[in-house]
$ cat protein25.cif   # mmCIF, C-alpha atoms and all ligand atoms
data_query
loop_
_atom_site.label_atom_id
_atom_site.label_comp_id
_atom_site.auth_asym_id
_atom_site.auth_seq_id
_atom_site.Cartn_x
_atom_site.Cartn_y
_atom_site.Cartn_z
CA MET N 640 0.00 0.00 0.00
CA LYS N 641 1.21 3.50 -0.84
CA ARG N 642 2.33 5.31 2.31
CA ILE N 643 0.63 8.57 3.26
CA GLY N 644 2.47 11.52 4.85
CA MET N 645 0.72 13.28 7.73
CA GLY N 646 1.65 16.71 9.11
CA LEU N 647 0.14 18.17 12.26
CA VAL N 648 -0.36 21.85 13.09
CA GLY N 649 -0.91 22.55 16.81
CA PRO N 650 0.70 19.80 18.92
CA GLY N 651 -1.19 20.38 22.20
CA PHE N 652 -3.58 18.21 24.19
CA VAL N 653 -5.50 16.58 21.35
CA GLY N 654 -2.77 16.83 18.68
CA VAL N 655 -0.79 14.08 20.37
CA HIS N 656 -3.79 11.76 20.04
CA HIS N 657 -4.10 12.50 16.32
CA ILE N 658 -0.46 11.40 15.96
CA ASP N 659 -0.95 8.30 18.09
CA ALA N 660 -4.09 7.31 16.16
CA VAL N 661 -2.64 7.59 12.64
CA ARG N 662 0.53 5.74 13.67
CA ARG N 663 -1.58 2.75 14.63
CA LEU N 664 -2.94 2.46 11.07
CA GLY N 665 0.37 1.11 9.75
CA PHE N 666 0.44 2.97 6.41
CA VAL N 667 0.72 6.58 7.60
CA ASP N 668 4.01 8.36 8.33
CA VAL N 669 3.91 11.32 10.71
CA VAL N 670 6.45 13.45 8.87
CA ALA N 671 6.17 16.92 10.43
CA ILE N 672 4.84 19.05 13.25
CA ALA N 673 4.25 22.81 13.19
CA ALA N 674 3.87 24.85 16.36
CA SER N 675 3.86 28.58 17.01
CA THR N 676 7.69 28.69 17.11
CA GLU N 677 10.41 26.50 15.63
CA LYS N 678 11.78 25.85 19.13
CA SER N 679 8.48 24.56 20.52
CA ALA N 680 7.87 22.55 17.34
CA ARG N 681 11.32 20.93 17.65
CA ALA N 682 10.75 20.09 21.32
CA LYS N 683 7.41 18.42 20.52
CA ALA N 684 8.79 16.67 17.44
CA ASP N 685 11.70 15.24 19.43
CA ALA N 686 9.42 14.13 22.25
CA LEU N 687 7.11 12.36 19.79
CA GLY N 688 9.76 11.00 17.42
CA VAL N 689 8.61 13.10 14.46
CA PRO N 690 11.40 13.88 11.94
CA LYS N 691 10.58 17.46 10.88
CA ALA N 692 9.70 20.52 12.95
CA HIS N 693 8.33 23.71 11.36
CA GLY N 694 8.05 27.12 13.01
CA SER N 695 4.97 28.05 10.99
CA TYR N 696 1.97 26.23 9.56
CA GLU N 697 2.74 27.73 6.13
CA GLN N 698 6.08 25.86 6.06
CA LEU N 699 4.46 22.58 7.05
CA ILE N 700 1.74 22.93 4.43
CA ALA N 701 4.36 23.67 1.74
CA ASP N 702 6.29 20.51 2.71
CA PRO N 703 5.89 18.07 -0.25
CA ASP N 704 6.08 15.06 2.11
CA VAL N 705 2.88 16.19 3.84
CA HIS N 706 -0.19 14.82 2.04
CA VAL N 707 -2.73 15.27 4.83
CA VAL N 708 -2.76 18.31 7.13
CA HIS N 709 -4.21 17.82 10.63
CA ASN N 710 -5.41 20.98 12.30
CA THR N 711 -5.43 20.87 16.12
CA THR N 712 -4.80 24.55 16.76
CA PRO N 713 -6.98 26.75 19.00
CA ASN N 714 -10.28 27.57 17.28
CA PHE N 715 -9.35 31.04 15.99
CA LEU N 716 -6.59 29.52 13.83
CA HIS N 717 -8.81 26.97 12.11
CA VAL N 718 -9.78 29.26 9.22
CA PRO N 719 -6.27 30.43 8.23
CA VAL N 720 -4.65 26.99 8.68
CA ILE N 721 -7.34 25.14 6.73
CA LYS N 722 -7.50 27.77 3.96
CA ALA N 723 -3.72 27.56 3.51
CA ALA N 724 -3.89 23.75 3.30
CA LEU N 725 -6.74 23.84 0.79
CA ALA N 726 -4.88 26.41 -1.35
CA ARG N 727 -2.19 23.73 -1.79
CA ARG N 728 -4.82 21.04 -2.39
CA LYS N 729 -3.87 19.02 0.67
CA HIS N 730 -6.41 16.75 2.37
CA VAL N 731 -7.50 18.21 5.73
CA VAL N 732 -8.48 16.57 9.00
CA SER N 733 -9.63 19.30 11.38
CA ASP N 734 -10.60 18.98 14.97
CA LYS N 735 -13.91 20.50 16.02
CA PRO N 736 -15.34 23.11 15.97
CA LEU N 737 -14.59 23.51 12.27
CA ALA N 738 -14.84 27.31 12.67
CA MET N 739 -16.05 29.87 15.18
CA THR N 740 -19.09 30.91 13.10
CA ALA N 741 -21.40 29.16 10.68
CA ASN N 742 -20.40 31.56 7.89
CA ASP N 743 -16.73 30.69 8.30
CA ALA N 744 -17.50 26.97 8.48
CA ARG N 745 -19.53 27.23 5.29
CA ASP N 746 -16.65 29.04 3.54
CA LEU N 747 -14.28 26.23 4.55
CA TRP N 748 -16.68 23.55 3.36
CA ARG N 749 -17.08 25.36 0.03
CA ALA N 750 -13.31 25.84 -0.36
CA ALA N 751 -12.67 22.16 0.42
CA GLU N 752 -15.21 21.04 -2.17
CA GLN N 753 -13.66 23.37 -4.75
CA ALA N 754 -10.17 22.05 -3.96
CA GLY N 755 -11.45 18.50 -4.58
CA VAL N 756 -9.70 17.10 -1.51
CA VAL N 757 -10.83 14.85 1.32
CA HIS N 758 -12.10 16.91 4.26
CA ALA N 759 -12.92 15.57 7.71
CA VAL N 760 -13.83 16.80 11.18
CA THR N 761 -13.01 14.65 14.21
CA PHE N 762 -16.32 14.08 15.93
CA ASN N 763 -14.51 11.18 17.52
CA TYR N 764 -17.31 9.64 19.60
CA ARG N 765 -18.70 8.24 16.36
CA GLY N 766 -15.78 5.80 16.44
CA ASN N 767 -17.03 3.80 19.45
CA PRO N 768 -18.16 0.27 18.56
CA LEU N 769 -21.31 0.49 20.69
CA VAL N 770 -22.21 3.88 19.19
CA GLN N 771 -22.13 2.17 15.81
CA GLN N 772 -24.15 -0.72 17.26
CA ALA N 773 -26.82 1.73 18.46
CA ARG N 774 -26.85 3.37 15.05
CA GLU N 775 -27.21 0.01 13.27
CA MET N 776 -30.03 -1.06 15.61
CA ILE N 777 -31.99 2.14 14.97
CA ALA N 778 -31.41 1.93 11.20
CA ALA N 779 -32.61 -1.70 11.24
CA GLY N 780 -35.83 -0.67 13.03
CA ASP N 781 -35.05 -2.61 16.25
CA VAL N 782 -35.97 0.40 18.37
CA GLY N 783 -38.97 1.51 16.34
CA PRO N 784 -39.66 5.12 15.40
CA VAL N 785 -37.64 7.37 17.74
CA HIS N 786 -39.61 9.98 19.72
CA PHE N 787 -37.19 11.24 22.41
CA ILE N 788 -33.42 11.85 22.44
CA HIS N 789 -31.92 13.21 25.65
CA GLY N 790 -28.71 13.26 27.62
CA GLY N 791 -25.86 15.43 28.72
CA TYR N 792 -22.25 16.36 28.41
CA LEU N 793 -20.83 17.44 31.77
CA GLN N 794 -17.26 18.13 32.87
CA ASP N 795 -15.69 19.78 35.93
CA TRP N 796 -12.34 21.10 34.66
CA LEU N 797 -13.57 24.74 34.69
CA ILE N 798 -15.20 24.71 38.13
CA GLU N 799 -12.61 26.98 39.84
CA ALA N 800 -12.26 30.69 39.02
CA THR N 801 -8.54 30.00 38.51
CA ASP N 802 -9.27 27.43 35.76
CA PHE N 803 -8.57 29.04 32.40
CA SER N 804 -8.19 28.20 28.70
CA TRP N 805 -8.07 30.09 25.41
CA ARG N 806 -11.50 28.47 24.87
CA LEU N 807 -13.00 31.09 27.22
CA GLU N 808 -11.74 34.09 25.25
CA PRO N 809 -14.33 34.89 22.55
CA GLU N 810 -11.71 36.04 20.03
CA LYS N 811 -9.81 32.73 20.41
CA GLY N 812 -12.54 30.21 21.24
CA GLY N 813 -15.66 31.80 19.74
CA ALA N 814 -18.80 33.43 21.13
CA SER N 815 -19.95 30.11 22.64
CA SER N 816 -17.81 28.14 25.05
CA ALA N 817 -19.37 24.99 26.56
CA VAL N 818 -21.91 24.47 23.77
CA ALA N 819 -19.39 24.89 20.93
CA ASP N 820 -16.67 22.95 22.75
CA ILE N 821 -18.56 19.88 23.97
CA GLY N 822 -22.26 20.39 23.21
CA SER N 823 -21.30 20.17 19.52
CA HIS N 824 -20.01 16.62 20.14
CA TRP N 825 -23.33 15.58 21.72
CA CYS N 826 -25.38 17.07 18.89
CA ASP N 827 -23.28 15.42 16.20
CA LEU N 828 -23.36 12.09 18.02
CA VAL N 829 -27.11 11.79 18.58
CA GLN N 830 -27.90 12.97 15.05
CA HIS N 831 -25.48 10.37 13.72
CA VAL N 832 -26.94 7.57 15.85
CA ALA N 833 -30.62 8.43 15.39
CA GLY N 834 -30.36 9.47 11.73
CA GLN N 835 -32.29 12.68 12.44
CA ARG N 836 -31.00 16.26 12.22
CA ILE N 837 -31.56 19.02 14.74
CA VAL N 838 -33.66 21.73 13.07
CA GLU N 839 -34.78 23.93 16.00
CA VAL N 840 -33.32 24.81 19.40
CA LEU N 841 -34.39 26.58 22.57
CA ALA N 842 -31.41 27.54 24.72
CA ASP N 843 -30.90 28.72 28.28
CA LEU N 844 -27.23 29.67 28.75
CA THR N 845 -25.57 30.46 32.07
CA THR N 846 -22.20 31.81 33.12
CA VAL N 847 -21.70 30.35 36.59
CA ILE N 848 -18.25 31.87 37.10
CA GLY N 849 -18.53 35.48 35.97
CA THR N 850 -14.94 36.50 36.66
CA ARG N 851 -11.98 34.19 36.19
CA MET N 852 -8.32 34.73 37.01
CA LYS N 853 -6.47 34.55 33.69
CA PRO N 854 -2.80 33.50 33.76
CA SER N 855 -0.45 35.95 32.07
CA GLY N 856 1.29 33.30 29.92
CA SER N 857 -0.31 30.91 27.40
CA VAL N 858 -1.81 27.70 28.79
CA GLU N 859 -2.45 24.46 26.90
CA ALA N 860 -5.76 22.78 27.56
CA PHE N 861 -6.02 20.98 30.90
CA ALA N 862 -2.45 22.12 31.80
CA LYS N 863 -1.68 22.48 35.50
CA GLY N 864 0.76 24.93 37.11
CA ALA N 865 -0.15 27.94 35.03
CA GLY N 866 1.88 30.20 37.33
CA ASP N 867 0.95 32.84 39.88
CA ARG N 868 0.73 35.95 37.69
CA ARG N 869 -2.95 36.36 36.91
CA GLU N 870 -5.40 39.08 36.01
CA PRO N 871 -9.22 39.24 36.36
CA PHE N 872 -11.09 38.21 33.21
CA THR N 873 -14.79 38.94 32.75
CA MET N 874 -16.48 35.95 31.16
CA GLN N 875 -18.67 36.58 28.15
CA SER N 876 -19.50 33.00 27.19
CA GLU N 877 -21.46 30.22 28.91
CA ASP N 878 -20.06 27.47 31.11
CA LEU N 879 -23.47 25.83 31.59
CA ALA N 880 -26.38 25.29 29.18
CA THR N 881 -29.74 23.59 28.89
CA LEU N 882 -31.02 23.02 25.37
CA LEU N 883 -34.33 21.75 24.09
CA VAL N 884 -34.05 20.48 20.53
CA ARG N 885 -36.40 19.35 17.76
CA PHE N 886 -35.31 16.88 15.09
CA ASP N 887 -36.37 16.72 11.46
CA GLY N 888 -37.61 13.15 11.96
CA GLY N 889 -40.12 14.31 14.57
CA ALA N 890 -38.19 13.40 17.72
CA LYS N 891 -37.97 15.86 20.60
CA GLY N 892 -34.81 16.22 22.66
CA ALA N 893 -33.12 17.79 25.67
CA VAL N 894 -29.50 18.07 26.73
CA ASN N 895 -27.57 19.58 29.64
CA VAL N 896 -24.06 20.83 28.87
CA GLY N 897 -21.67 22.14 31.50
CA GLN N 898 -18.00 22.37 32.41
CA VAL N 899 -18.55 23.41 36.05
CA CYS N 900 -20.17 20.19 37.35
CA ALA N 901 -18.06 18.58 40.10
CA GLY N 902 -17.35 14.89 39.71
CA HIS N 903 -18.17 14.76 36.01
CA LYS N 904 -14.94 14.31 34.05
CA ASN N 905 -15.93 13.60 30.47
CA ASP N 906 -19.50 12.57 31.08
CA LEU N 907 -21.11 12.43 27.65
CA TRP N 908 -24.26 10.29 27.57
CA PHE N 909 -27.41 9.86 25.56
CA GLU N 910 -30.64 7.91 25.75
CA ILE N 911 -32.84 7.32 22.74
CA ASN N 912 -36.43 6.22 23.25
CA GLY N 913 -38.32 4.55 20.42
CA ALA N 914 -41.69 2.81 20.07
CA ARG N 915 -40.27 -0.65 20.80
CA ALA N 916 -37.09 -0.09 22.85
CA SER N 917 -34.69 2.41 24.34
CA LEU N 918 -30.92 2.63 23.95
CA GLY N 919 -28.53 4.30 26.39
CA TRP N 920 -24.78 4.88 26.09
CA ARG N 921 -22.35 6.65 28.39
CA GLN N 922 -18.85 7.61 27.26
CA GLU N 923 -17.35 6.90 30.68
CA ARG N 924 -18.76 3.33 30.51
CA GLN N 925 -18.31 3.00 26.79
CA ASN N 926 -18.10 -0.79 26.67
CA GLU N 927 -21.77 -1.13 27.68
CA LEU N 928 -24.94 -0.35 25.72
CA TRP N 929 -28.18 -0.31 27.74
CA ILE N 930 -31.21 -1.72 25.96
CA GLY N 931 -34.50 -0.88 27.63
CA ARG N 932 -37.69 -2.86 26.97
CA ARG N 933 -41.22 -3.00 28.43
CA GLU N 934 -42.30 -6.59 27.69
CA SER N 935 -39.03 -8.30 28.60
CA ALA N 936 -36.04 -7.64 30.80
CA SER N 937 -33.91 -4.62 30.02
CA GLY N 938 -30.23 -5.39 29.85
CA ILE N 939 -26.67 -4.49 28.98
CA LEU N 940 -25.08 -5.42 25.66
CA PRO N 941 -21.31 -5.67 26.23
CA LYS N 942 -18.76 -4.63 23.61
CA ASP N 943 -18.17 -8.17 22.44
CA PRO N 944 -17.53 -8.37 18.68
CA SER N 945 -19.36 -11.69 18.48
CA LEU N 946 -22.55 -10.00 19.75
CA LEU N 947 -22.42 -6.91 17.55
CA MET N 948 -24.12 -6.29 14.22
CA PRO N 949 -21.72 -6.60 11.23
CA GLY N 950 -21.48 -2.83 10.64
CA ALA N 951 -20.48 -2.23 14.26
CA ARG N 952 -18.23 -5.29 14.64
CA LYS N 953 -15.40 -3.80 12.58
CA TYR N 954 -15.03 -0.95 15.11
CA ALA N 955 -14.21 -3.44 17.91
CA HIS N 956 -10.65 -4.78 17.88
CA LEU N 957 -10.47 -6.78 21.08
CA PRO N 958 -12.56 -9.73 22.28
CA GLY N 959 -15.36 -9.23 24.82
CA GLY N 960 -14.18 -8.25 28.30
CA HIS N 961 -11.12 -6.49 26.90
CA GLN N 962 -12.04 -2.85 27.39
CA GLU N 963 -11.69 -0.41 24.52
CA ALA N 964 -11.63 3.32 25.15
CA TRP N 965 -11.37 6.93 23.98
CA ALA N 966 -8.10 6.52 22.07
CA ASP N 967 -9.34 3.37 20.31
CA ALA N 968 -12.46 5.18 19.11
CA PHE N 969 -10.26 8.04 17.92
CA CYS N 970 -8.18 5.56 15.95
CA ASN N 971 -11.36 4.11 14.40
CA VAL N 972 -12.23 7.58 13.11
CA MET N 973 -8.77 7.94 11.56
CA ARG N 974 -9.06 4.46 10.02
CA ASP N 975 -12.30 5.43 8.26
CA ILE N 976 -10.79 8.70 6.98
CA TYR N 977 -7.42 7.31 5.87
CA ALA N 978 -8.88 4.19 4.21
CA PHE N 979 -10.97 6.59 2.12
CA ILE N 980 -7.88 8.65 1.22
CA ALA N 981 -5.78 5.56 0.50
CA ASP N 982 -8.45 4.24 -1.87
CA GLY N 983 -8.30 7.52 -3.81
CA ARG N 984 -12.00 8.20 -3.21
CA THR N 985 -13.68 11.56 -3.68
CA MET N 986 -16.15 13.24 -1.35
CA SER N 987 -19.13 12.47 -3.58
CA GLU N 988 -18.67 8.75 -2.86
CA LEU N 989 -20.23 6.89 0.07
CA ARG N 990 -18.18 7.39 3.23
CA PRO N 991 -17.77 5.05 6.20
CA PRO N 992 -19.90 6.11 9.18
CA ALA N 993 -17.28 7.40 11.65
CA PHE N 994 -16.04 9.87 9.04
CA ALA N 995 -17.60 13.31 9.69
CA THR N 996 -17.05 15.95 6.99
CA PHE N 997 -16.79 19.73 6.77
CA GLU N 998 -20.51 19.64 5.98
CA ASP N 999 -21.08 18.06 9.39
CA GLY N 1000 -18.77 20.71 10.90
CA TYR N 1001 -20.84 23.39 9.18
CA HIS N 1002 -24.10 21.92 10.48
CA ALA N 1003 -22.62 21.85 14.01
CA ALA N 1004 -21.67 25.52 13.67
CA CYS N 1005 -25.23 26.35 12.53
CA ILE N 1006 -26.59 24.70 15.68
CA VAL N 1007 -24.21 26.76 17.86
CA ASP N 1008 -25.27 29.96 16.05
CA ALA N 1009 -28.94 29.06 16.61
CA VAL N 1010 -28.27 28.35 20.31
CA LEU N 1011 -26.70 31.80 20.75
CA GLU N 1012 -29.56 33.46 18.89
CA SER N 1013 -32.18 31.59 20.93
CA HIS N 1014 -30.55 32.72 24.15
CA ARG N 1015 -30.29 36.33 22.95
CA ARG N 1016 -34.02 36.22 22.21
CA GLY N 1017 -34.77 35.21 25.80
CA GLY N 1018 -35.02 31.48 25.17
CA ALA N 1019 -37.16 31.49 22.01
CA TRP N 1020 -37.44 28.52 19.66
CA THR N 1021 -34.95 29.25 16.87
CA ALA N 1022 -34.50 27.50 13.53
CA VAL N 1023 -31.09 26.06 12.66
CA ARG N 1024 -30.56 28.08 9.50
CA GLU N 1025 -28.51 26.02 7.12
CA ARG N 1026 -27.94 26.90 3.50
CA VAL N 1027 -27.62 23.49 1.93
CA ALA N 1028 -25.78 24.08 -1.35
CA VAL N 1029 -22.10 25.09 -1.35
N1 LIG F 1101 -12.15 15.92 19.44
C1 LIG F 1101 -11.94 16.15 20.71
O1 LIG F 1101 -12.40 15.41 21.57
C2 LIG F 1101 -11.13 17.33 21.12
C3 LIG F 1101 -10.51 17.35 22.37
C4 LIG F 1101 -9.75 18.46 22.70
C5 LIG F 1101 -9.62 19.51 21.82
N2 LIG F 1101 -10.26 19.49 20.62
C6 LIG F 1101 -10.11 20.61 19.66
O2 LIG F 1101 -8.76 20.61 19.20
C7 LIG F 1101 -8.28 21.93 19.08
C8 LIG F 1101 -7.06 22.10 19.98
O3 LIG F 1101 -7.46 21.91 21.33
P1 LIG F 1101 -6.40 21.46 22.47
O4 LIG F 1101 -7.23 21.12 23.65
O5 LIG F 1101 -5.49 20.43 21.93
O6 LIG F 1101 -5.65 22.84 22.69
P2 LIG F 1101 -4.18 23.07 23.23
O7 LIG F 1101 -4.14 24.48 23.71
O8 LIG F 1101 -3.79 21.99 24.20
O9 LIG F 1101 -3.26 22.88 21.95
C9 LIG F 1101 -3.20 23.82 20.90
C10 LIG F 1101 -1.80 23.78 20.31
O10 LIG F 1101 -1.72 24.70 19.22
C11 LIG F 1101 -0.46 25.36 19.28
N3 LIG F 1101 -0.48 26.60 18.53
C12 LIG F 1101 -0.89 27.83 18.92
N4 LIG F 1101 -0.70 28.73 17.94
C13 LIG F 1101 -0.15 28.06 16.89
C14 LIG F 1101 0.28 28.43 15.59
N5 LIG F 1101 0.20 29.68 15.15
N6 LIG F 1101 0.79 27.47 14.78
C15 LIG F 1101 0.90 26.20 15.19
N7 LIG F 1101 0.51 25.79 16.43
C16 LIG F 1101 -0.01 26.70 17.26
C17 LIG F 1101 -0.26 25.56 20.78
O11 LIG F 1101 1.07 25.83 21.11
C18 LIG F 1101 -0.72 24.19 21.31
O12 LIG F 1101 0.34 23.26 21.26
C19 LIG F 1101 -9.44 22.84 19.43
O13 LIG F 1101 -10.09 23.27 18.26
C20 LIG F 1101 -10.35 21.97 20.26
O14 LIG F 1101 -11.71 22.32 20.19
C21 LIG F 1101 -11.00 18.41 20.25
#

$ encode --input "protein25.cif" --output "structure tokens"
Amino acid sequence: MKRIGMGLVGPGFVGVHHIDAVRRLGFVDVVAIAASTEKSARAKADALGVPKAHGSYEQLIADPDVHVVHNTTPNFLHVPVIKAALARRKHVVSDKPLAMTANDARDLWRAAEQAGVVHAVTFNYRGNPLVQQAREMIAAGDVGPVHFIHGGYLQDWLIEATDFSWRLEPEKGGASSAVADIGSHWCDLVQHVAGQRIVEVLADLTTVIGTRMKPSGSVEAFAKGAGDRREPFTMQSEDLATLLVRFDGGAKGAVNVGQVCAGHKNDLWFEINGARASLGWRQERQNELWIGRRESASGILPKDPSLLMPGARKYAHLPGGHQEAWADAFCNVMRDIYAFIADGRTMSELRPPAFATFEDGYHAACIVDAVLESHRRGGAWTAVRERVAV
């Protein structure tokens, strides 16, 4: 198989997992890293065993050995990095959110289509075997018509006023914080599993911690020991949200999103209720799928490949009882994207399910825009305004 060269821009918290995931595929070479300076890029490249270090994303994108550009920079850099990659007709794998506004996301989607390259957004929870099992069961009609989709995405890493991230600065993270950062994962996931799109939202956004103490230096996500020099920062975005949602297939939904909820680490969960059965999945117990029934016992389906439907089985790589986790699901997403690239496919062809595109990133950005508008209007039902053609 022809080897594929991968270059990564933004080697912070999640960038390392992009590198780890593509290395596990066996036919991808991580050839270069770009950071904000050549020194920091070299330090990261040495630590991760990557041959080339570039002091700017432009240099990495111009590198002829880089065929696929991964973008794991802070949100405000997504547009310039991706546009530069598309200008050189490189395939792009971007982390979410694709852009800070729906208009920007749409521009990137259009530019990627015009460049004729493969474009992907890492909505990585799609890569879990039991997420795919739930999706297959719903598509096969096992659950019956779906009428209710609810859940949450709660974390506690921003509970202290001294907790800080570029995510909280509107010009770096965007106008929405918790909803764009993690609520977007939940929305993508349940739409993917249920096969219904969110078309209307009603949002109640809250800023629990109104003033935070911002460190003077730059801080990578989840980094400890930010130093003692801090200045007060008035929060403008939400750290807690309740959303009601309506789906185009007729289902109603509700989700709580928050990053100030003690004891919840990465607590993404959903429950889907249909006419014949319910399905429930929790990221922190991702090897179990709850199946709820009225006429017989409810139970847990374990992540055992021999018990999964064929479409879901290929996302499980270990026998039952051998736990698979976040990084394995991430790798499944990369496998779907890179198999598509390796086969020389184009975006008009059928894609494997864990592969989310810039169109999905654009739809996620439209939901975030609608959430902000709904809140501004005092919690009014607001349509997710999506212009379909690019
Ligand atoms: N899919 C997921 O589950 C997931 C998880 C975490 C983060 N993310 C997304 O990934 C992106 C990065 O988040 P993170 O948590 O890794 O942030 P981070 O702050 O830990 O890492 C960002 C990296 O970008 C580097 N950087 C800054 N300016 C740069 C420049 N001009 N050129 C090159 N590199 C530059 C920083 O030095 C840092 O290494 C965000 O868009 C975030 O939403 C996704």

$ closest_residue --input "protein25.cif" --among "N:Gly1000, N:Gly783, N:Gly1018, N:Pro703" --to "N:Ala741" --atoms "all atoms listed in the file"
N:Gly1000

$ atom_distance --input "protein25.cif" --atom1 "atom CA of N:Phe715" --atom2 "atom CA of N:Gly822"
18.2 Å

$ residues_near_ligand --input "protein25.cif" --ligand "ligand LIG 1101 (chain F)" --cutoff "7 Å" --atoms "all atoms listed in the file" --output "PyMOL selection string"
chain N and resi 648-654+673-675+695-696+711-714+716+734-736+761-763+820+858-860

$ closest_residue --input "protein25.cif" --among "N:Val785, N:Ala680, N:Ile837, N:Val670" --to "N:Glu910" --atoms "all atoms listed in the file"
N:Val785

$ atom_distance --input "protein25.cif" --atom1 "atom CA of N:Ile1006" --atom2 "atom CA of N:Glu1025"
8.9 Å

$ residues_near_point --input "protein25.cif" --point "(-23.9, 4.2, 29.8)" --cutoff "9 Å" --atoms "all atoms listed in the file" --output "ChimeraX atom specification"
/N:907-910,919-929

$ residues_near_point --input "protein25.cif" --point "(-18.3, 15.0, 37.1)" --cutoff "7 Å" --atoms "all atoms listed in the file" --output "JSON, numbers by chain"
{"N": [793, 794, 795, 900, 901, 902, 903, 904, 906]}

$ closest_residue --input "protein25.cif" --among "N:Gly834, N:Gly960, N:Pro854, N:Gly644" --to "N:His706" --atoms "only C-alpha atoms"
N:Gly644

$ closest_residue --input "protein25.cif" --among "N:Thr676, N:Gln875, N:Gln962, N:Ser937" --to "N:Leu807" --atoms "only C-alpha atoms"
N:Gln875

$ atom_distance --input "protein25.cif" --atom1 "atom CA of N:Asp999" --atom2 "atom CA of N:Leu1011"
18.7 Å

$ closest_residue --input "protein25.cif" --among "N:Gly913, N:Gly812, N:Gly665, N:Pro768" --to "N:Pro992" --atoms "all atoms listed in the file"
N:Pro768

$ closest_residue --input "protein25.cif" --among "N:Gly889, N:His1014, N:Met640, N:Ala819" --to "N:Thr845" --atoms "only C-alpha atoms"
N:His1014
